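Enquirer: One file: data-v8.tsv (TSV, N, CA and C atoms).
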chain	number	residue	atom	x	y	z
A	10	MET	N	16.06	-11.60	0.08
A	10	MET	CA	16.34	-11.82	1.48
A	10	MET	C	15.02	-11.93	2.23
A	11	ILE	N	14.86	-12.94	3.03
A	11	ILE	CA	13.71	-13.11	3.89
A	11	ILE	C	14.14	-12.74	5.30
A	12	THR	N	13.29	-11.95	5.98
A	12	THR	CA	13.70	-11.46	7.29
A	12	THR	C	12.53	-11.31	8.24
A	13	ASN	N	12.82	-11.44	9.51
A	13	ASN	CA	11.86	-11.02	10.53
A	13	ASN	C	12.42	-9.80	11.27
A	14	ASN	N	13.52	-9.24	10.77
A	14	ASN	CA	14.14	-8.02	11.31
A	14	ASN	C	13.67	-6.81	10.50
A	15	TYR	N	12.40	-6.77	10.25
A	15	TYR	CA	11.77	-5.80	9.36
A	15	TYR	C	12.02	-4.36	9.79
A	16	PHE	N	11.82	-4.06	11.06
A	16	PHE	CA	11.95	-2.69	11.54
A	16	PHE	C	13.30	-2.09	11.18
A	17	ASP	N	14.38	-2.78	11.51
A	17	ASP	CA	15.72	-2.25	11.24
A	17	ASP	C	15.96	-2.06	9.75
A	18	ILE	N	15.50	-3.00	8.94
A	18	ILE	CA	15.72	-2.92	7.50
A	18	ILE	C	14.92	-1.77	6.89
A	19	ILE	N	13.64	-1.66	7.25
A	19	ILE	CA	12.80	-0.58	6.72
A	19	ILE	C	13.36	0.78	7.15
A	20	LEU	N	13.71	0.92	8.41
A	20	LEU	CA	14.22	2.19	8.91
A	20	LEU	C	15.49	2.59	8.17
A	21	GLU	N	16.40	1.65	7.96
A	21	GLU	CA	17.65	1.94	7.24
A	21	GLU	C	17.37	2.33	5.79
A	22	LYS	N	16.46	1.63	5.13
A	22	LYS	CA	16.16	1.94	3.74
A	22	LYS	C	15.49	3.31	3.61
A	23	ILE	N	14.62	3.66	4.55
A	23	ILE	CA	14.00	4.99	4.53
A	23	ILE	C	15.08	6.06	4.67
A	24	LYS	N	16.02	5.86	5.57
A	24	LYS	CA	17.08	6.84	5.81
A	24	LYS	C	18.00	7.01	4.60
A	25	LYS	N	18.15	5.95	3.79
A	25	LYS	CA	19.05	6.01	2.64
A	25	LYS	C	18.37	6.44	1.34
A	26	GLU	N	17.06	6.31	1.27
A	26	GLU	CA	16.35	6.61	0.02
A	26	GLU	C	16.50	8.08	-0.36
A	27	GLN	N	16.72	8.32	-1.64
A	27	GLN	CA	16.90	9.69	-2.13
A	27	GLN	C	15.82	10.14	-3.11
A	28	LYS	N	14.95	9.21	-3.58
A	28	LYS	CA	13.99	9.57	-4.63
A	28	LYS	C	12.55	9.47	-4.17
A	29	GLN	N	12.09	8.25	-3.95
A	29	GLN	CA	10.66	8.05	-3.67
A	29	GLN	C	10.44	6.80	-2.83
A	30	ILE	N	9.46	6.90	-1.95
A	30	ILE	CA	9.01	5.77	-1.14
A	30	ILE	C	7.50	5.71	-1.26
A	31	ASP	N	7.00	4.57	-1.72
A	31	ASP	CA	5.57	4.32	-1.75
A	31	ASP	C	5.31	3.11	-0.87
A	32	PHE	N	4.21	3.14	-0.12
A	32	PHE	CA	3.89	1.93	0.64
A	32	PHE	C	2.39	1.73	0.78
A	33	VAL	N	2.04	0.46	0.83
A	33	VAL	CA	0.68	0.01	1.07
A	33	VAL	C	0.73	-0.76	2.38
A	34	MET	N	-0.17	-0.42	3.30
A	34	MET	CA	-0.12	-1.03	4.62
A	34	MET	C	-1.54	-1.21	5.13
A	35	PHE	N	-1.89	-2.41	5.52
A	35	PHE	CA	-3.22	-2.67	6.06
A	35	PHE	C	-3.48	-1.78	7.27
A	36	VAL	N	-2.58	-1.79	8.25
A	36	VAL	CA	-2.75	-0.99	9.46
A	36	VAL	C	-1.53	-0.09	9.65
A	37	VAL	N	-1.78	1.20	9.88
A	37	VAL	CA	-0.74	2.12	10.30
A	37	VAL	C	-1.12	2.61	11.69
A	38	GLY	N	-0.38	2.16	12.68
A	38	GLY	CA	-0.61	2.62	14.05
A	38	GLY	C	0.21	3.86	14.29
A	39	TYR	N	0.04	4.47	15.44
A	39	TYR	CA	0.85	5.64	15.74
A	39	TYR	C	0.94	5.87	17.23
A	40	SER	N	2.13	6.20	17.66
A	40	SER	CA	2.39	6.60	19.03
A	40	SER	C	3.28	7.83	18.97
A	41	GLN	N	3.04	8.81	19.80
A	41	GLN	CA	3.85	10.03	19.77
A	41	GLN	C	5.15	9.90	20.55
A	42	ASN	N	5.45	8.72	21.05
A	42	ASN	CA	6.66	8.53	21.83
A	42	ASN	C	7.66	7.69	21.02
A	43	PRO	N	8.52	8.34	20.21
A	43	PRO	CA	9.42	7.57	19.34
A	43	PRO	C	10.45	6.75	20.09
A	44	GLN	N	10.77	7.11	21.33
A	44	GLN	CA	11.75	6.34	22.08
A	44	GLN	C	11.20	4.95	22.42
A	45	LYS	N	9.89	4.85	22.58
A	45	LYS	CA	9.29	3.58	22.93
A	45	LYS	C	8.53	2.94	21.78
A	46	SER	N	8.33	3.66	20.70
A	46	SER	CA	7.49	3.19	19.60
A	46	SER	C	8.29	3.04	18.31
A	47	ASN	N	8.39	1.82	17.81
A	47	ASN	CA	9.03	1.59	16.53
A	47	ASN	C	8.22	2.22	15.40
A	48	THR	N	6.90	2.19	15.53
A	48	THR	CA	6.06	2.79	14.50
A	48	THR	C	6.32	4.28	14.39
A	49	ALA	N	6.39	4.98	15.52
A	49	ALA	CA	6.67	6.42	15.50
A	49	ALA	C	8.04	6.69	14.88
A	50	GLN	N	9.03	5.87	15.16
A	50	GLN	CA	10.36	6.07	14.58
A	50	GLN	C	10.30	5.98	13.06
A	51	ILE	N	9.50	5.05	12.53
A	51	ILE	CA	9.38	4.94	11.08
A	51	ILE	C	8.66	6.16	10.51
A	52	ILE	N	7.60	6.60	11.15
A	52	ILE	CA	6.88	7.77	10.66
A	52	ILE	C	7.77	9.01	10.70
A	53	TYR	N	8.54	9.18	11.77
A	53	TYR	CA	9.47	10.32	11.84
A	53	TYR	C	10.57	10.21	10.78
A	54	ALA	N	11.03	9.00	10.49
A	54	ALA	CA	12.02	8.81	9.43
A	54	ALA	C	11.42	9.18	8.07
A	55	LEU	N	10.14	8.87	7.87
A	55	LEU	CA	9.47	9.27	6.63
A	55	LEU	C	9.37	10.79	6.54
A	56	GLN	N	9.10	11.45	7.65
A	56	GLN	CA	9.08	12.92	7.68
A	56	GLN	C	10.45	13.47	7.30
A	57	ASP	N	11.52	12.89	7.86
A	57	ASP	CA	12.87	13.32	7.53
A	57	ASP	C	13.16	13.13	6.05
A	58	ALA	N	12.66	12.02	5.48
A	58	ALA	CA	12.87	11.76	4.06
A	58	ALA	C	12.21	12.86	3.22
A	59	ILE	N	11.00	13.25	3.59
A	59	ILE	CA	10.31	14.33	2.88
A	59	ILE	C	11.12	15.62	2.98
A	60	ALA	N	11.66	15.90	4.16
A	60	ALA	CA	12.44	17.12	4.38
A	60	ALA	C	13.68	17.16	3.48
A	61	ARG	N	14.21	16.00	3.13
A	61	ARG	CA	15.38	15.98	2.24
A	61	ARG	C	14.99	15.79	0.77
A	62	GLY	N	13.68	15.91	0.47
A	62	GLY	CA	13.23	15.92	-0.91
A	62	GLY	C	12.70	14.62	-1.46
A	63	VAL	N	12.55	13.61	-0.63
A	63	VAL	CA	12.03	12.32	-1.09
A	63	VAL	C	10.50	12.42	-1.16
A	64	LYS	N	9.93	11.94	-2.26
A	64	LYS	CA	8.47	11.88	-2.39
A	64	LYS	C	7.98	10.63	-1.66
A	65	VAL	N	7.01	10.80	-0.76
A	65	VAL	CA	6.49	9.69	0.02
A	65	VAL	C	4.97	9.64	-0.15
A	66	ARG	N	4.46	8.46	-0.53
A	66	ARG	CA	3.02	8.24	-0.66
A	66	ARG	C	2.65	6.96	0.08
A	67	ALA	N	1.46	6.98	0.67
A	67	ALA	CA	1.01	5.83	1.46
A	67	ALA	C	-0.46	5.53	1.18
A	68	ILE	N	-0.77	4.26	1.18
A	68	ILE	CA	-2.15	3.79	1.10
A	68	ILE	C	-2.35	2.85	2.28
A	69	SER	N	-3.42	3.08	3.03
A	69	SER	CA	-3.69	2.23	4.19
A	69	SER	C	-5.17	1.95	4.28
A	70	ASP	N	-5.48	0.86	4.96
A	70	ASP	CA	-6.87	0.49	5.16
A	70	ASP	C	-7.40	1.10	6.45
A	71	ILE	N	-6.69	0.88	7.53
A	71	ILE	CA	-7.15	1.38	8.83
A	71	ILE	C	-5.96	1.85	9.65
A	72	GLY	N	-6.25	2.56	10.72
A	72	GLY	CA	-5.20	2.95	11.64
A	72	GLY	C	-5.15	4.44	11.90
A	73	ALA	N	-4.90	4.80	13.14
A	73	ALA	CA	-4.82	6.20	13.54
A	73	ALA	C	-3.65	6.90	12.88
A	74	GLY	N	-2.66	6.16	12.44
A	74	GLY	CA	-1.47	6.76	11.84
A	74	GLY	C	-1.72	7.43	10.51
A	75	VAL	N	-2.80	7.09	9.81
A	75	VAL	CA	-3.06	7.68	8.50
A	75	VAL	C	-3.25	9.19	8.62
A	76	GLU	N	-4.00	9.63	9.60
A	76	GLU	CA	-4.19	11.07	9.79
A	76	GLU	C	-2.87	11.75	10.10
A	77	PHE	N	-2.03	11.11	10.90
A	77	PHE	CA	-0.73	11.69	11.21
A	77	PHE	C	0.15	11.72	9.97
A	78	LEU	N	0.06	10.69	9.13
A	78	LEU	CA	0.82	10.71	7.88
A	78	LEU	C	0.45	11.95	7.06
A	79	LEU	N	-0.84	12.21	6.95
A	79	LEU	CA	-1.30	13.38	6.20
A	79	LEU	C	-0.79	14.67	6.83
A	80	GLU	N	-0.88	14.77	8.15
A	80	GLU	CA	-0.40	15.96	8.86
A	80	GLU	C	1.11	16.13	8.71
A	81	SER	N	1.82	15.04	8.44
A	81	SER	CA	3.27	15.07	8.32
A	81	SER	C	3.75	15.42	6.92
A	82	GLY	N	2.83	15.65	6.01
A	82	GLY	CA	3.21	15.98	4.65
A	82	GLY	C	3.32	14.79	3.74
A	83	ILE	N	2.93	13.64	4.23
A	83	ILE	CA	2.96	12.42	3.42
A	83	ILE	C	1.65	12.34	2.66
A	84	GLU	N	1.73	12.18	1.35
A	84	GLU	CA	0.52	11.97	0.58
A	84	GLU	C	-0.03	10.61	1.00
A	85	ALA	N	-1.26	10.59	1.48
A	85	ALA	CA	-1.83	9.34	1.97
A	85	ALA	C	-3.28	9.22	1.56
A	86	LYS	N	-3.68	8.00	1.26
A	86	LYS	CA	-5.07	7.71	0.93
A	86	LYS	C	-5.51	6.50	1.74
A	87	LYS	N	-6.78	6.54	2.16
A	87	LYS	CA	-7.38	5.38	2.81
A	87	LYS	C	-8.09	4.56	1.74
A	88	SER	N	-8.18	3.27	2.00
A	88	SER	CA	-8.82	2.40	1.03
A	88	SER	C	-10.30	2.69	0.91
A	89	ASN	N	-10.87	2.25	-0.16
A	89	ASN	CA	-12.29	2.34	-0.40
A	89	ASN	C	-12.99	1.37	0.55
A	90	PRO	N	-14.02	1.81	1.26
A	90	PRO	CA	-14.68	0.92	2.22
A	90	PRO	C	-15.27	-0.35	1.59
A	91	ARG	N	-15.51	-0.31	0.29
A	91	ARG	CA	-16.06	-1.50	-0.38
A	91	ARG	C	-15.00	-2.54	-0.69
A	92	ARG	N	-13.73	-2.16	-0.57
A	92	ARG	CA	-12.64	-3.08	-0.94
A	92	ARG	C	-11.52	-2.96	0.08
A	93	ARG	N	-11.42	-3.93	0.94
A	93	ARG	CA	-10.40	-3.92	1.99
A	93	ARG	C	-9.01	-4.15	1.38
A	94	ILE	N	-8.04	-3.38	1.86
A	94	ILE	CA	-6.64	-3.55	1.45
A	94	ILE	C	-5.91	-4.24	2.60
A	95	HIS	N	-5.48	-5.44	2.36
A	95	HIS	CA	-4.79	-6.19	3.40
A	95	HIS	C	-3.29	-6.32	3.09
A	96	ALA	N	-2.86	-5.75	2.01
A	96	ALA	CA	-1.47	-5.86	1.56
A	96	ALA	C	-0.51	-5.09	2.46
A	97	LYS	N	0.75	-5.53	2.46
A	97	LYS	CA	1.84	-4.85	3.17
A	97	LYS	C	3.03	-4.81	2.22
A	98	MET	N	3.37	-3.59	1.74
A	98	MET	CA	4.42	-3.48	0.73
A	98	MET	C	5.07	-2.10	0.83
A	99	PHE	N	6.40	-2.08	0.89
A	99	PHE	CA	7.19	-0.85	0.80
A	99	PHE	C	7.95	-0.89	-0.51
A	100	ILE	N	7.86	0.19	-1.29
A	100	ILE	CA	8.57	0.27	-2.56
A	100	ILE	C	9.61	1.39	-2.46
A	101	PHE	N	10.86	1.01	-2.69
A	101	PHE	CA	11.98	1.96	-2.72
A	101	PHE	C	12.51	2.00	-4.15
A	102	SER	N	13.45	2.87	-4.42
A	102	SER	CA	13.96	2.98	-5.80
A	102	SER	C	14.77	1.76	-6.22
A	103	ASP	N	15.25	0.97	-5.26
A	103	ASP	CA	16.09	-0.18	-5.62
A	103	ASP	C	15.51	-1.53	-5.22
A	104	SER	N	14.36	-1.55	-4.53
A	104	SER	CA	13.79	-2.83	-4.11
A	104	SER	C	12.36	-2.64	-3.63
A	105	VAL	N	11.69	-3.75	-3.46
A	105	VAL	CA	10.35	-3.77	-2.87
A	105	VAL	C	10.39	-4.79	-1.73
A	106	ILE	N	9.76	-4.43	-0.62
A	106	ILE	CA	9.69	-5.33	0.53
A	106	ILE	C	8.23	-5.68	0.74
A	107	VAL	N	7.91	-6.96	0.69
A	107	VAL	CA	6.55	-7.45	0.89
A	107	VAL	C	6.55	-8.49	2.00
A	108	GLY	N	5.44	-8.60	2.67
A	108	GLY	CA	5.36	-9.59	3.73
A	108	GLY	C	4.14	-9.42	4.59
A	109	SER	N	4.28	-9.81	5.85
A	109	SER	CA	3.13	-9.83	6.75
A	109	SER	C	3.15	-8.71	7.79
A	110	HIS	N	4.22	-7.93	7.86
A	110	HIS	CA	4.34	-6.88	8.87
A	110	HIS	C	3.39	-5.71	8.63
A	111	ASN	N	2.62	-5.33	9.65
A	111	ASN	CA	1.88	-4.08	9.65
A	111	ASN	C	2.75	-3.03	10.33
A	112	LEU	N	2.44	-1.76	10.11
A	112	LEU	CA	3.16	-0.68	10.79
A	112	LEU	C	2.47	-0.39	12.12
A	113	THR	N	2.62	-1.33	13.01
A	113	THR	CA	2.15	-1.19	14.39
A	113	THR	C	3.27	-1.67	15.29
A	114	ASP	N	3.29	-1.22	16.51
A	114	ASP	CA	4.34	-1.69	17.42
A	114	ASP	C	4.24	-3.19	17.62
A	115	ARG	N	3.04	-3.69	17.69
A	115	ARG	CA	2.87	-5.14	17.84
A	115	ARG	C	3.41	-5.88	16.62
A	116	GLY	N	3.08	-5.37	15.43
A	116	GLY	CA	3.56	-6.00	14.20
A	116	GLY	C	5.07	-5.89	14.03
A	117	LEU	N	5.65	-4.81	14.52
A	117	LEU	CA	7.10	-4.60	14.37
A	117	LEU	C	7.92	-5.25	15.47
A	118	LYS	N	7.32	-5.44	16.66
A	118	LYS	CA	8.11	-5.93	17.81
A	118	LYS	C	7.65	-7.27	18.37
A	119	ASN	N	6.35	-7.46	18.49
A	119	ASN	CA	5.86	-8.59	19.28
A	119	ASN	C	5.44	-9.80	18.47
A	120	ASN	N	4.78	-9.59	17.35
A	120	ASN	CA	4.28	-10.71	16.55
A	120	ASN	C	5.42	-11.42	15.85
A	121	PHE	N	5.18	-12.67	15.48
A	121	PHE	CA	6.10	-13.35	14.57
A	121	PHE	C	5.63	-13.03	13.17
A	122	GLU	N	6.42	-12.28	12.44
A	122	GLU	CA	6.11	-11.85	11.08
A	122	GLU	C	7.31	-12.16	10.19
A	123	VAL	N	7.06	-12.31	8.91
A	123	VAL	CA	8.14	-12.55	7.96
A	123	VAL	C	7.88	-11.70	6.71
A	124	SER	N	8.92	-11.04	6.22
A	124	SER	CA	8.84	-10.27	5.00
A	124	SER	C	10.06	-10.58	4.14
A	125	ALA	N	9.96	-10.24	2.85
A	125	ALA	CA	11.04	-10.52	1.92
A	125	ALA	C	11.35	-9.27	1.10
A	126	GLU	N	12.63	-9.03	0.88
A	126	GLU	CA	13.07	-7.93	0.02
A	126	GLU	C	13.38	-8.50	-1.35
A	127	LEU	N	12.73	-7.93	-2.37
A	127	LEU	CA	12.93	-8.35	-3.76
A	127	LEU	C	13.69	-7.24	-4.46
A	128	ILE	N	14.82	-7.61	-5.05
A	128	ILE	CA	15.69	-6.57	-5.62
A	128	ILE	C	15.80	-6.63	-7.14
A	129	ASP	N	15.00	-7.47	-7.78
A	129	ASP	CA	15.10	-7.54	-9.23
A	129	ASP	C	14.16	-6.53	-9.89
A	130	PHE	N	14.55	-6.10	-11.06
A	130	PHE	CA	13.87	-5.05	-11.81
A	130	PHE	C	12.42	-5.43	-12.12
A	131	GLU	N	12.17	-6.69	-12.47
A	131	GLU	CA	10.82	-7.13	-12.84
A	131	GLU	C	9.85	-6.99	-11.66
A	132	ASN	N	10.25	-7.46	-10.49
A	132	ASN	CA	9.39	-7.33	-9.31
A	132	ASN	C	9.19	-5.88	-8.92
A	133	LEU	N	10.20	-5.08	-9.03
A	133	LEU	CA	10.10	-3.66	-8.71
A	133	LEU	C	9.11	-2.97	-9.65
A	134	ASN	N	9.20	-3.26	-10.94
A	134	ASN	CA	8.26	-2.68	-11.90
A	134	ASN	C	6.83	-3.13	-11.63
A	135	GLU	N	6.64	-4.41	-11.32
A	135	GLU	CA	5.30	-4.91	-11.02
A	135	GLU	C	4.74	-4.26	-9.76
A	136	ALA	N	5.57	-4.11	-8.73
A	136	ALA	CA	5.13	-3.46	-7.49
A	136	ALA	C	4.73	-2.01	-7.76
A	137	ASN	N	5.53	-1.31	-8.54
A	137	ASN	CA	5.20	0.07	-8.89
A	137	ASN	C	3.88	0.16	-9.64
A	138	GLN	N	3.65	-0.77	-10.55
A	138	GLN	CA	2.40	-0.76	-11.32
A	138	GLN	C	1.20	-1.05	-10.43
A	139	ILE	N	1.34	-2.00	-9.53
A	139	ILE	CA	0.27	-2.31	-8.57
A	139	ILE	C	-0.05	-1.07	-7.75
A	140	PHE	N	0.98	-0.41	-7.23
A	140	PHE	CA	0.76	0.79	-6.42
A	140	PHE	C	0.07	1.88	-7.23
A	141	GLU	N	0.57	2.15	-8.43
A	141	GLU	CA	0.00	3.22	-9.26
A	141	GLU	C	-1.46	2.94	-9.59
A	142	ASN	N	-1.80	1.69	-9.91
A	142	ASN	CA	-3.18	1.33	-10.20
A	142	ASN	C	-4.07	1.54	-8.97
A	143	LEU	N	-3.61	1.12	-7.83
A	143	LEU	CA	-4.38	1.28	-6.61
A	143	LEU	C	-4.53	2.76	-6.26
A	144	TRP	N	-3.44	3.52	-6.39
A	144	TRP	CA	-3.46	4.96	-6.10
A	144	TRP	C	-4.50	5.66	-6.97
A	145	ALA	N	-4.53	5.32	-8.26
A	145	ALA	CA	-5.47	5.94	-9.20
A	145	ALA	C	-6.91	5.54	-8.89
A	146	GLU	N	-7.09	4.36	-8.35
A	146	GLU	CA	-8.42	3.83	-8.05
A	146	GLU	C	-9.05	4.53	-6.84
A	147	LEU	N	-8.21	5.03	-5.92
A	147	LEU	CA	-8.74	5.60	-4.68
A	147	LEU	C	-9.01	7.10	-4.79
Could you quickly redo this structure as structure tokens?
Expert:
Amino acid sequence: MITNNYFDIILEKIKKEQKQIDFVMFVVGYSQNPQKSNTAQIIYALQDAIARGVKVRAISDIGAGVEFLLESGIEAKKSNPRRRIHAKMFIFSDSVIVGSHNLTDRGLKNNFEVSAELIDFENLNEANQIFENLWAEL
């Protein structure tokens, strides 16, 4: 499925996930006002996922949200300054979502962005391997 309705899809998948969520994101923004901030709603949904036992890990290049992710109990790593991470990928137990959306209010609400959900086993395995290799590298 190709979508520009990324926020709603990601939020719903986070709320339904029962095992693990890994994501790589170039920019993680943060606002403490979840009523006005789509990014804050996603971060709070990730906190709720952790509270119900879901393992959540994040890799990001830049953004004030990384420190908040760490404070929220999310295992998070910043990229190595010698190698910029520009990827955007969410990995769930049943699919991987890749595309152009950053976790910023602008990226979630204002920009024209497109992402795709891949639900086949091969793509999911490849996404998991990419994440694990990057995680080990940092």
Enquirer: Determine, counting only C-alpha atoms, which protein, DNA and RNA residues have an atom within 7 Å of an atom of Ile68 of chain A; residues of the same chain fewer than 3 positions away are not included. Present the result as a PDB file with N, CA and C atoms, in the coordinates of the input.
Expert:
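result-v2.pdb, written as the output of this step:
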ATOM      1  N   PHE A  32       4.210   3.140  -0.120  1.00  0.00           N
ATOM      2  CA  PHE A  32       3.890   1.930   0.640  1.00  0.00           C
ATOM      3  C   PHE A  32       2.390   1.730   0.780  1.00  0.00           C
ATOM      4  N   VAL A  33       2.040   0.460   0.830  1.00  0.00           N
ATOM      5  CA  VAL A  33       0.680   0.010   1.070  1.00  0.00           C
ATOM      6  C   VAL A  33       0.730  -0.760   2.380  1.00  0.00           C
ATOM      7  N   MET A  34      -0.170  -0.420   3.300  1.00  0.00           N
ATOM      8  CA  MET A  34      -0.120  -1.030   4.620  1.00  0.00           C
ATOM      9  C   MET A  34      -1.540  -1.210   5.130  1.00  0.00           C
ATOM     10  N   ALA A  85      -1.260  10.590   1.480  1.00  0.00           N
ATOM     11  CA  ALA A  85      -1.830   9.340   1.970  1.00  0.00           C
ATOM     12  C   ALA A  85      -3.280   9.220   1.560  1.00  0.00           C
ATOM     13  N   LYS A  86      -3.680   8.000   1.260  1.00  0.00           N
ATOM     14  CA  LYS A  86      -5.070   7.710   0.930  1.00  0.00           C
ATOM     15  C   LYS A  86      -5.510   6.500   1.740  1.00  0.00           C
ATOM     16  N   LYS A  87      -6.780   6.540   2.160  1.00  0.00           N
ATOM     17  CA  LYS A  87      -7.380   5.380   2.810  1.00  0.00           C
ATOM     18  C   LYS A  87      -8.090   4.560   1.740  1.00  0.00           C
ATOM     19  N   SER A  88      -8.180   3.270   2.000  1.00  0.00           N
ATOM     20  CA  SER A  88      -8.820   2.400   1.030  1.00  0.00           C
ATOM     21  C   SER A  88     -10.300   2.690   0.910  1.00  0.00           C
TER      22      SER A  88
END
Enquirer: Taking (-6.3, -0.1, 6.8) in the file's coordinates, which residues come within 7 Å, counting only C-alpha atoms, written as a VMD selection string?
Expert: chain A and resid 34 to 37 69 to 72 87 to 88 94
Enquirer: Which one is closest to Gln29 of chain A: A:Asn89, A:Asp103, A:Gly74, A:Gln50? Count all atoms listed in the file.
Expert: A:Asp103
Enquirer: Please list as a count of residues only every residue within 6.5 Å of segment 118-129 of chain A, counting all atoms listed in the file and excluding residues in the same chain fewer than 2 positions away.
Expert: 20
Enquirer: Mind giving me the straight-line distance from atom CA of Gln138 of chain A to atom CA of Glu26 of chain A in Å, one decimal?
Expert: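 Atom-to-atom, atom CA of Gln138 of chain A to atom CA of Glu26 of chain A, that is 19.4 Å.
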Enquirer: Point out the residue among A:Leu117, A:Leu147, A:Ile139, A:Ala58 with the least atom-to-atom distance to Asp17 of chain A, counting all atoms listed in the file.
Expert: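 Checking each candidate against Asp17 of chain A, we get A:Leu117 as the closest.
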Enquirer: Could you go through chain A and tell me which residues DSSP, when run on the backbone, assigns to helix (DSSP H, G or I), listing them as a ChimeraX atom specification?
Expert: /A:15-25,47-60,74-80,114-119,130-146
